[in-house]
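Okay, data-v1.csv now, which holds CSV, C-alpha atoms:
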```csv
chain,number,residue,atom,x,y,z
A,28,MET,CA,-51.2,28.2,-10.4
A,29,SER,CA,-48.6,25.6,-9.5
A,30,ALA,CA,-49.0,22.9,-6.9
A,31,PRO,CA,-47.6,23.8,-3.5
A,32,MET,CA,-43.9,22.8,-3.2
A,33,ASN,CA,-43.9,20.2,-0.5
A,34,TYR,CA,-40.7,18.4,-0.8
A,35,LEU,CA,-37.8,18.5,1.6
A,36,ASP,CA,-34.1,17.7,1.2
A,37,GLY,CA,-32.5,14.2,1.4
A,38,ASN,CA,-31.1,15.5,4.7
A,39,ALA,CA,-34.6,15.1,6.2
A,40,ALA,CA,-34.5,11.3,5.7
A,41,ALA,CA,-31.1,10.9,7.4
A,42,GLY,CA,-32.6,10.0,10.8
A,43,GLU,CA,-34.6,7.1,9.3
A,44,LEU,CA,-31.8,6.0,7.1
A,45,SER,CA,-29.5,5.9,10.2
A,46,ARG,CA,-31.4,2.9,11.3
A,47,ILE,CA,-30.0,1.1,8.3
A,48,PHE,CA,-26.7,2.7,7.4
A,49,ALA,CA,-23.8,3.0,9.8
A,50,MET,CA,-22.4,6.0,7.9
A,51,ASP,CA,-23.9,9.4,7.1
A,52,VAL,CA,-25.9,9.0,3.9
A,53,THR,CA,-26.5,12.7,3.3
A,54,THR,CA,-22.9,13.4,2.2
A,55,ALA,CA,-22.9,10.2,0.0
A,56,GLU,CA,-22.9,10.6,-3.7
A,57,GLY,CA,-25.5,8.8,-5.7
A,58,GLN,CA,-26.0,8.4,-9.4
A,59,CYS,CA,-29.6,8.6,-10.8
A,60,ALA,CA,-30.3,5.5,-12.8
A,61,HIS,CA,-32.6,7.5,-15.1
A,62,CYS,CA,-30.6,10.6,-16.1
A,63,GLY,CA,-27.2,9.8,-14.8
A,64,ALA,CA,-26.8,12.9,-12.6
A,65,ILE,CA,-24.4,12.4,-9.7
A,66,LYS,CA,-25.5,14.3,-6.6
A,67,ARG,CA,-25.1,14.2,-2.9
A,68,PHE,CA,-28.0,12.4,-1.3
A,69,ALA,CA,-28.7,15.5,0.7
A,70,GLU,CA,-29.6,17.3,-2.5
A,71,ALA,CA,-32.3,14.8,-3.5
A,72,HIS,CA,-35.9,16.0,-3.3
A,73,LEU,CA,-37.6,14.2,-0.4
A,74,TYR,CA,-41.3,13.4,-0.2
A,75,MET,CA,-42.6,12.3,3.2
A,76,GLN,CA,-46.4,12.5,2.6
A,77,ALA,CA,-46.5,8.9,1.4
A,78,PRO,CA,-46.7,6.1,3.9
A,79,GLY,CA,-42.9,6.1,3.9
A,80,VAL,CA,-40.1,8.2,2.4
A,81,VAL,CA,-39.5,8.8,-1.3
A,82,ALA,CA,-36.3,10.5,-2.6
A,83,ARG,CA,-36.3,11.8,-6.1
A,84,CYS,CA,-33.5,13.1,-8.3
A,85,ALA,CA,-33.2,16.9,-8.0
A,86,VAL,CA,-32.5,17.0,-11.8
A,87,CYS,CA,-35.1,14.7,-13.4
A,88,GLU,CA,-37.4,13.8,-10.5
A,89,HIS,CA,-37.0,10.1,-11.1
A,90,VAL,CA,-37.4,8.0,-8.0
A,91,LEU,CA,-34.0,7.3,-6.4
A,92,LEU,CA,-35.0,5.5,-3.2
A,93,ARG,CA,-38.1,4.4,-1.3
A,94,LEU,CA,-38.2,3.5,2.4
A,95,VAL,CA,-41.3,2.1,4.1
A,96,SER,CA,-41.5,1.0,7.7
A,97,ALA,CA,-44.4,-1.4,8.4
A,98,ARG,CA,-44.7,-3.0,11.9
A,99,ARG,CA,-41.8,-5.4,12.1
A,100,HIS,CA,-40.1,-4.7,8.7
A,101,MET,CA,-38.5,-2.0,6.8
A,102,PHE,CA,-38.5,-2.1,3.0
A,103,LEU,CA,-35.7,-0.3,1.2
A,104,ASP,CA,-35.8,0.1,-2.6
A,105,ALA,CA,-32.8,1.9,-4.0
A,106,CYS,CA,-33.0,0.6,-7.6
A,107,GLY,CA,-33.4,4.2,-8.8
A,108,MET,CA,-29.7,4.7,-8.1
A,109,THR,CA,-26.9,2.9,-10.0
A,110,TYR,CA,-24.6,3.4,-7.1
A,111,LEU,CA,-24.2,5.2,-3.8
A,112,ARG,CA,-20.7,6.2,-2.8
A,113,LEU,CA,-20.2,6.6,1.0
A,114,ASP,CA,-17.3,8.2,2.7
A,115,ILE,CA,-15.4,5.9,5.0
B,13,MET,CA,-30.4,5.0,18.4
B,14,TRP,CA,-32.6,7.1,20.7
B,15,ARG,CA,-31.2,9.0,23.6
B,16,VAL,CA,-33.2,10.5,26.4
B,17,GLY,CA,-32.6,14.2,27.1
B,18,THR,CA,-33.7,16.2,30.2
B,19,VAL,CA,-35.1,19.7,29.8
B,20,VAL,CA,-32.9,22.0,31.8
B,21,ALA,CA,-34.0,25.4,30.5
B,22,ILE,CA,-36.8,26.9,28.4
B,23,ARG,CA,-36.7,30.4,26.9
B,24,ASP,CA,-39.3,32.2,24.8
B,25,GLU,CA,-37.9,33.6,21.6
B,26,THR,CA,-41.1,35.1,20.2
B,27,MET,CA,-44.9,34.8,20.9
B,28,THR,CA,-44.8,31.4,19.1
B,29,ALA,CA,-41.3,30.0,19.4
B,30,ARG,CA,-39.3,28.8,22.3
B,31,THR,CA,-35.8,27.4,22.9
B,32,ILE,CA,-35.6,24.2,24.8
B,33,ALA,CA,-32.2,23.3,26.4
B,34,LEU,CA,-31.6,19.6,27.0
B,35,GLU,CA,-28.9,17.7,28.8
B,36,VAL,CA,-28.3,14.5,27.0
B,37,PRO,CA,-26.1,11.8,28.6
B,38,ASP,CA,-23.5,10.3,26.2
B,39,TRP,CA,-24.3,13.1,23.6
B,40,PRO,CA,-21.5,12.6,21.0
B,41,GLY,CA,-21.3,16.3,20.1
B,42,HIS,CA,-22.6,17.9,16.9
B,43,VAL,CA,-21.5,20.1,14.1
B,44,ALA,CA,-23.1,23.5,13.4
B,45,GLY,CA,-26.1,23.0,11.1
B,46,GLN,CA,-27.1,19.5,12.1
B,47,HIS,CA,-30.5,18.5,13.3
B,48,VAL,CA,-32.1,15.9,15.6
B,49,ASP,CA,-35.2,13.8,15.4
B,50,VAL,CA,-37.5,14.2,18.3
B,51,ARG,CA,-39.9,11.3,19.2
B,52,LEU,CA,-43.0,11.8,21.3
B,53,THR,CA,-44.9,8.6,22.3
B,54,ALA,CA,-48.5,8.7,23.6
B,55,SER,CA,-49.7,6.4,26.4
B,56,ASP,CA,-51.4,4.2,23.8
B,57,GLY,CA,-48.1,3.7,22.0
B,58,TYR,CA,-48.8,6.1,19.1
B,59,SER,CA,-45.6,7.9,18.3
B,60,ALA,CA,-44.7,10.9,16.1
B,61,VAL,CA,-41.2,11.9,15.0
B,62,ARG,CA,-40.2,15.4,13.8
B,63,SER,CA,-36.9,16.9,12.9
B,64,TYR,CA,-35.6,20.1,14.6
B,65,SER,CA,-32.4,22.0,13.9
B,66,ILE,CA,-29.9,22.4,16.7
B,67,ALA,CA,-29.6,26.1,17.6
B,68,SER,CA,-26.6,25.9,20.0
B,69,ALA,CA,-23.0,25.9,19.0
B,70,PRO,CA,-21.1,22.6,19.3
B,71,SER,CA,-19.9,22.0,22.9
B,72,SER,CA,-18.6,19.1,24.9
B,73,ASP,CA,-20.9,19.5,27.9
B,74,GLY,CA,-23.7,17.3,26.6
B,75,ARG,CA,-26.0,20.2,26.2
B,76,VAL,CA,-28.2,20.8,23.1
B,77,GLU,CA,-30.6,23.6,22.4
B,78,LEU,CA,-33.5,23.4,20.0
B,79,THR,CA,-35.7,26.3,19.0
B,80,VAL,CA,-39.2,25.2,18.0
B,81,GLU,CA,-41.8,27.3,16.3
B,82,ARG,CA,-45.4,26.5,17.2
B,83,LEU,CA,-47.5,25.6,14.2
B,84,PRO,CA,-51.3,26.0,14.5
B,85,ASN,CA,-52.1,22.5,13.3
B,86,GLY,CA,-48.9,20.9,14.3
B,87,GLU,CA,-48.9,17.5,16.0
B,88,VAL,CA,-45.7,17.9,17.9
B,89,SER,CA,-44.8,21.6,18.1
B,90,PRO,CA,-47.7,22.7,20.3
B,91,TYR,CA,-46.7,20.2,22.9
B,92,LEU,CA,-43.0,21.2,22.8
B,93,THR,CA,-43.8,24.9,22.9
B,94,GLN,CA,-46.7,24.9,25.4
B,95,GLU,CA,-46.7,21.9,27.6
B,96,LEU,CA,-43.1,20.7,27.9
B,97,ALA,CA,-41.7,21.7,31.3
B,98,LEU,CA,-38.3,21.7,33.1
B,99,GLY,CA,-37.3,18.3,34.2
B,100,ASP,CA,-39.3,16.5,31.5
B,101,HIS,CA,-37.7,13.9,29.2
B,102,LEU,CA,-37.5,13.9,25.5
B,103,GLU,CA,-36.4,11.2,23.1
B,104,LEU,CA,-33.7,12.3,20.6
B,105,ARG,CA,-32.0,10.7,17.6
B,106,GLY,CA,-28.9,12.4,16.3
B,107,PRO,CA,-27.0,14.5,15.6
B,108,ILE,CA,-28.0,14.0,12.0
B,109,GLY,CA,-26.6,15.1,8.6
B,110,GLY,CA,-23.1,16.0,7.5
B,111,TRP,CA,-24.0,18.1,4.4
B,112,PHE,CA,-25.8,21.2,5.7
B,113,VAL,CA,-23.0,22.0,8.1
B,114,TRP,CA,-20.3,24.7,8.6
B,115,ARG,CA,-16.9,23.8,10.0
B,116,THR,CA,-14.3,26.3,11.2
B,117,GLN,CA,-11.8,24.9,8.7
B,118,GLN,CA,-13.9,26.6,6.0
B,119,THR,CA,-12.3,30.0,5.4
B,120,GLU,CA,-14.3,31.2,2.4
B,121,PRO,CA,-17.0,33.9,2.8
B,122,ILE,CA,-20.2,32.4,4.2
B,123,GLN,CA,-23.6,33.6,3.1
B,124,LEU,CA,-26.5,32.6,5.4
B,125,ILE,CA,-30.1,33.1,4.1
B,126,ALA,CA,-32.9,32.4,6.5
B,127,GLY,CA,-36.7,32.4,6.0
B,128,GLY,CA,-38.5,32.5,9.4
B,129,SER,CA,-37.5,29.7,11.7
B,130,GLY,CA,-34.9,28.7,9.1
B,131,ILE,CA,-32.6,30.9,11.2
B,132,VAL,CA,-32.1,28.1,13.7
B,133,PRO,CA,-29.4,26.0,12.1
B,134,LEU,CA,-27.7,29.2,10.8
B,135,MET,CA,-27.7,30.6,14.3
B,136,ALA,CA,-25.7,27.5,15.4
B,137,MET,CA,-23.1,28.4,12.7
B,138,ILE,CA,-23.0,32.1,13.8
B,139,ARG,CA,-22.6,31.0,17.5
B,140,TRP,CA,-19.9,28.5,16.6
B,141,ARG,CA,-18.0,31.1,14.6
B,142,ALA,CA,-18.2,33.4,17.6
B,143,ALA,CA,-17.3,30.7,20.1
B,144,ALA,CA,-14.4,29.4,18.1
B,145,ALA,CA,-13.2,33.0,17.2
B,146,GLY,CA,-13.5,32.0,13.5
B,147,SER,CA,-12.5,34.6,11.0
B,148,ALA,CA,-14.5,33.5,7.9
B,149,PRO,CA,-16.5,36.5,6.7
B,150,PHE,CA,-20.2,35.9,7.5
B,151,ARG,CA,-23.3,37.7,6.2
B,152,LEU,CA,-26.8,36.9,7.1
B,153,LEU,CA,-29.9,37.8,5.1
B,154,TYR,CA,-32.9,37.1,7.4
B,155,SER,CA,-36.3,37.2,6.0
B,156,VAL,CA,-39.0,37.4,8.6
B,157,ARG,CA,-42.7,38.2,8.7
B,158,GLU,CA,-42.5,41.2,11.1
B,159,PRO,CA,-40.0,42.6,13.7
B,160,GLU,CA,-41.7,40.7,16.5
B,161,ALA,CA,-41.0,37.4,14.8
B,162,VAL,CA,-37.2,37.8,14.8
B,163,PHE,CA,-35.5,35.0,16.8
B,164,TYR,CA,-32.4,35.8,18.9
B,165,ARG,CA,-32.8,39.5,18.3
B,166,GLY,CA,-30.6,40.8,21.2
B,167,GLU,CA,-27.9,38.2,20.6
B,168,LEU,CA,-27.7,38.9,16.9
B,169,GLN,CA,-27.6,42.7,17.6
B,170,ALA,CA,-24.7,42.2,20.0
B,171,LEU,CA,-22.8,39.9,17.6
B,172,SER,CA,-23.2,42.3,14.7
B,173,ASP,CA,-22.0,45.2,16.8
B,174,ARG,CA,-18.7,43.5,17.4
B,175,SER,CA,-15.8,44.2,15.0
B,176,ASN,CA,-15.0,41.5,12.5
B,177,SER,CA,-18.4,40.0,13.0
B,178,VAL,CA,-21.5,39.0,11.1
B,179,SER,CA,-23.2,41.5,8.9
B,180,ILE,CA,-27.0,41.3,9.1
B,181,THR,CA,-29.7,42.4,6.6
B,182,TYR,CA,-33.3,42.0,7.7
B,183,ALA,CA,-36.0,41.6,5.1
B,184,TYR,CA,-39.6,41.9,6.4
B,185,THR,CA,-42.4,40.3,4.4
B,186,ARG,CA,-45.6,41.6,6.2
B,187,ALA,CA,-44.8,44.5,8.5
B,188,THR,CA,-41.6,46.6,8.9
B,189,PRO,CA,-40.2,48.7,11.8
B,190,LYS,CA,-41.2,52.4,11.6
B,191,ASP,CA,-39.4,54.3,8.8
B,192,TRP,CA,-37.9,51.2,7.4
B,193,PRO,CA,-36.5,52.0,3.9
B,194,ARG,CA,-37.9,49.0,2.1
B,195,PRO,CA,-41.6,48.1,1.9
B,196,PRO,CA,-42.6,44.6,3.1
B,197,GLY,CA,-42.0,41.9,0.5
B,198,ARG,CA,-40.2,38.7,-0.4
B,199,ILE,CA,-36.5,38.6,-1.0
B,200,ASP,CA,-35.8,39.8,-4.5
B,201,ALA,CA,-32.8,40.4,-6.9
B,202,THR,CA,-32.2,43.9,-5.4
B,203,LEU,CA,-31.9,42.5,-1.9
B,204,ILE,CA,-29.6,39.7,-3.1
B,205,ALA,CA,-27.4,42.3,-4.8
B,206,THR,CA,-27.2,44.6,-1.7
B,207,GLY,CA,-27.5,42.1,1.2
B,208,THR,CA,-25.3,39.1,0.1
B,209,TRP,CA,-21.7,38.4,-1.0
B,210,PRO,CA,-21.1,38.8,-4.7
B,211,SER,CA,-20.4,35.5,-6.5
B,212,ASN,CA,-16.8,36.6,-7.5
B,213,LEU,CA,-15.8,36.2,-3.8
B,214,GLY,CA,-16.5,32.5,-4.0
B,215,PRO,CA,-18.9,32.3,-1.1
B,216,THR,CA,-20.6,29.2,0.1
B,217,SER,CA,-24.3,29.9,0.8
B,218,TYR,CA,-26.6,28.1,3.3
B,219,VAL,CA,-30.3,28.7,2.7
B,220,CYS,CA,-32.9,27.4,5.2
B,221,GLY,CA,-36.6,27.9,5.4
B,222,PRO,CA,-39.9,26.8,3.9
B,223,THR,CA,-39.6,25.0,0.6
B,224,SER,CA,-40.9,27.9,-1.5
B,225,PHE,CA,-38.6,30.4,0.2
B,226,VAL,CA,-35.6,28.1,-0.4
B,227,GLU,CA,-36.5,27.7,-4.1
B,228,ASN,CA,-36.9,31.5,-4.6
B,229,ALA,CA,-33.7,32.4,-2.8
B,230,THR,CA,-31.7,29.7,-4.6
B,231,ASP,CA,-33.0,30.8,-8.0
B,232,LEU,CA,-32.1,34.4,-7.2
B,233,LEU,CA,-28.5,33.3,-6.2
B,234,ILE,CA,-28.1,31.4,-9.4
B,235,VAL,CA,-29.3,34.3,-11.5
B,236,ALA,CA,-26.8,36.5,-9.6
B,237,GLY,CA,-24.0,34.2,-10.8
B,238,HIS,CA,-23.6,31.7,-8.0
B,239,GLY,CA,-22.9,28.1,-8.9
B,240,ARG,CA,-25.5,25.6,-7.7
B,241,GLU,CA,-22.7,23.5,-6.1
B,242,SER,CA,-21.9,26.5,-3.8
B,243,ILE,CA,-25.4,26.6,-2.4
B,244,ARG,CA,-26.6,24.2,0.3
B,245,THR,CA,-30.2,24.0,1.3
B,246,GLU,CA,-32.4,22.8,4.1
B,247,ARG,CA,-36.1,22.9,3.4
B,248,PHE,CA,-38.8,22.8,6.1
B,249,GLY,CA,-41.7,22.0,3.7
B,250,ALA,CA,-44.8,23.9,2.8
B,251,THR,CA,-46.2,23.9,6.3
B,252,GLY,CA,-43.0,24.6,8.1
B,253,GLU,CA,-43.2,21.4,10.1
B,254,ARG,CA,-40.8,18.7,9.0
B,255,LYS,CA,-42.2,15.3,9.4
```
So that I can check it, write out the structure of this file as structure tokens.
Amino acid sequence: MSAPMNYLDGNAAAGELSRIFAMDVTTAEGQCAHCGAIKRFAEAHLYMQAPGVVARCAVCEHVLLRLVSARRHMFLDACGMTYLRLDI
Amino acid sequence: MWRVGTVVAIRDETMTARTIALEVPDWPGHVAGQHVDVRLTASDGYSAVRSYSIASAPSSDGRVELTVERLPNGEVSPYLTQELALGDHLELRGPIGGWFVWRTQQTEPIQLIAGGSGIVPLMAMIRWRAAAAGSAPFRLLYSVREPEAVFYRGELQALSDRSNSVSITYAYTRATPKDWPRPPGRIDATLIATGTWPSNLGPTSYVCGPTSFVENATDLLIVAGHGRESIRTERFGATGERK
């Protein structure tokens, strides 16, 4: 019996990320720092059960990005991506 | 940036789902397939944010329609489907997302696959194709619990009756109409073979529904020869309510 699948797509984080990024992140291409896969952020697996948002690589499930809002601050950790290429 | 919309119409779609039409000042317009975040704030300051797909076709009149399914233990959907009334205000953020969208410039065949309320963003695409007199070949495979749970039934019927329109295949998972040829069940390889575009036509597929539904449908498409890059997904999560 496998665990229930409870992740969403990177798309679901776009509203929160729009507080930080002026451009649409879902169509941006990011490279996983762990396996090197290059995917659109919309294709990442998104977990929202944590006290924040965790995006994982759709290929290797390595953490790409974490975003936590706590009172007066937002914490963004994107060190799981070697880069993020945004369309301008 | 949050905008305040005013409820201008409410329509029941099924026993548990309703469409909420909002007028939103300064609405920048949307693309078919996008969603919005809705924020409800209680008098004590506690707020909850949920994502809902836009059901209406893009338009320039500042009007947006959301279809919301009521979830038994939902925090937001019971309010939206049972208490919200005409003239009420709702806070919205969006439109959001540029990936799970269909634009009229796309001329390749389009395969839409919906699980339950996953029909909502796909309906925006169908409506936009009709409104813009688009000619891209559209097929919809709509998996739903029972006939009474179908959203937009009359409108889908009318659209599929028109020439050069959307070809629709229903797949019932719990109960079927009388004399329905296929017993109730999940989407399987046979349905994919008979109810969707073959991979050699080079379609783009949009799959929307609960996470397990999306996984199953995506796997079946890949087995049927579709490239992963031709499949776009929008998952609602295990419970159906996106946080």
Within 10 Å of chain B: residues of chain A, using all atoms listed in the file, as a count of residues only:
30
Point (-32.2, 8.1, -17.6), cut-off 12 Å, counting only C-alpha atoms, residues as a PDB file with C-alpha atoms, keeping the file's coordinate frame:
```
ATOM      1  CA  GLN A  58     -26.000   8.400  -9.400  1.00  0.00           C
ATOM      2  CA  CYS A  59     -29.600   8.600 -10.800  1.00  0.00           C
ATOM      3  CA  ALA A  60     -30.300   5.500 -12.800  1.00  0.00           C
ATOM      4  CA  HIS A  61     -32.600   7.500 -15.100  1.00  0.00           C
ATOM      5  CA  CYS A  62     -30.600  10.600 -16.100  1.00  0.00           C
ATOM      6  CA  GLY A  63     -27.200   9.800 -14.800  1.00  0.00           C
ATOM      7  CA  ALA A  64     -26.800  12.900 -12.600  1.00  0.00           C
ATOM      8  CA  ILE A  65     -24.400  12.400  -9.700  1.00  0.00           C
ATOM      9  CA  CYS A  84     -33.500  13.100  -8.300  1.00  0.00           C
ATOM     10  CA  VAL A  86     -32.500  17.000 -11.800  1.00  0.00           C
ATOM     11  CA  CYS A  87     -35.100  14.700 -13.400  1.00  0.00           C
ATOM     12  CA  GLU A  88     -37.400  13.800 -10.500  1.00  0.00           C
ATOM     13  CA  HIS A  89     -37.000  10.100 -11.100  1.00  0.00           C
ATOM     14  CA  VAL A  90     -37.400   8.000  -8.000  1.00  0.00           C
ATOM     15  CA  LEU A  91     -34.000   7.300  -6.400  1.00  0.00           C
ATOM     16  CA  GLY A 107     -33.400   4.200  -8.800  1.00  0.00           C
ATOM     17  CA  MET A 108     -29.700   4.700  -8.100  1.00  0.00           C
ATOM     18  CA  THR A 109     -26.900   2.900 -10.000  1.00  0.00           C
TER      19      THR A 109
END
```
Skipping near chain neighbours, those fewer than 4 positions away, what residues fall within 12 Å of segment 79-86 of chain B using only C-alpha atoms, listed as JSON, numbers by chain?
{"B": [21, 22, 23, 24, 25, 26, 27, 28, 29, 30, 31, 32, 33, 34, 47, 48, 50, 60, 61, 62, 63, 64, 65, 66, 67, 68, 90, 91, 92, 93, 94, 95, 96, 128, 129, 130, 131, 132, 133, 134, 135, 136, 161, 162, 163, 164, 248, 250, 251, 252, 253, 254, 255]}
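In this model, the gap between atom CA of Arg151 of chain B and atom CA of His42 of chain B comes to 22.5 Å.
Taking atom CA of Tyr184 of chain B as the reference point, atom CA of Ser147 of chain B is found at 28.4 Å.
Of the listed residues B:Asp200, B:Val235, B:Thr188, B:Pro210, the one whose atoms come nearest to Glu160 of chain B is B:Thr188, with distances taken using only C-alpha atoms.
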For each of A:Ala97, A:Gly57, A:Leu92, A:Val81, take the minimum atom-to-atom distance to Tyr110 of chain A, counting all atoms listed in the file, then give the residue where this is smallest.
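Ranking A:Ala97, A:Gly57, A:Leu92, A:Val81 by distance to Tyr110 of chain A, first place goes to A:Gly57.
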Between atom CA of Ser96 of chain A and atom CA of Gly17 of chain B, distance in Å (one decimal):
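Distance reported for this atom pair: 25.1 Å.
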Name the closest residue to Asp100 of chain B among the candidates B:Ser179, B:Thr230, B:Gln123, B:Thr18; distances are taken between atoms, counting all atoms listed in the file.
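The answer is B:Thr18, which sits nearest to Asp100 of chain B.
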Contacts of Trp192 of chain B at 12 Å (all atoms listed in the file; same-chain gap of 3+ positions) as a PDB file with C-alpha atoms, keeping the file's coordinate frame:
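part.pdb, freshly written:
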```
ATOM      1  CA  GLU B 158     -42.500  41.200  11.100  1.00  0.00           C
ATOM      2  CA  PRO B 159     -40.000  42.600  13.700  1.00  0.00           C
ATOM      3  CA  TYR B 182     -33.300  42.000   7.700  1.00  0.00           C
ATOM      4  CA  ALA B 183     -36.000  41.600   5.100  1.00  0.00           C
ATOM      5  CA  TYR B 184     -39.600  41.900   6.400  1.00  0.00           C
ATOM      6  CA  ALA B 187     -44.800  44.500   8.500  1.00  0.00           C
ATOM      7  CA  THR B 188     -41.600  46.600   8.900  1.00  0.00           C
ATOM      8  CA  PRO B 189     -40.200  48.700  11.800  1.00  0.00           C
ATOM      9  CA  PRO B 195     -41.600  48.100   1.900  1.00  0.00           C
ATOM     10  CA  PRO B 196     -42.600  44.600   3.100  1.00  0.00           C
TER      11      PRO B 196
END
```
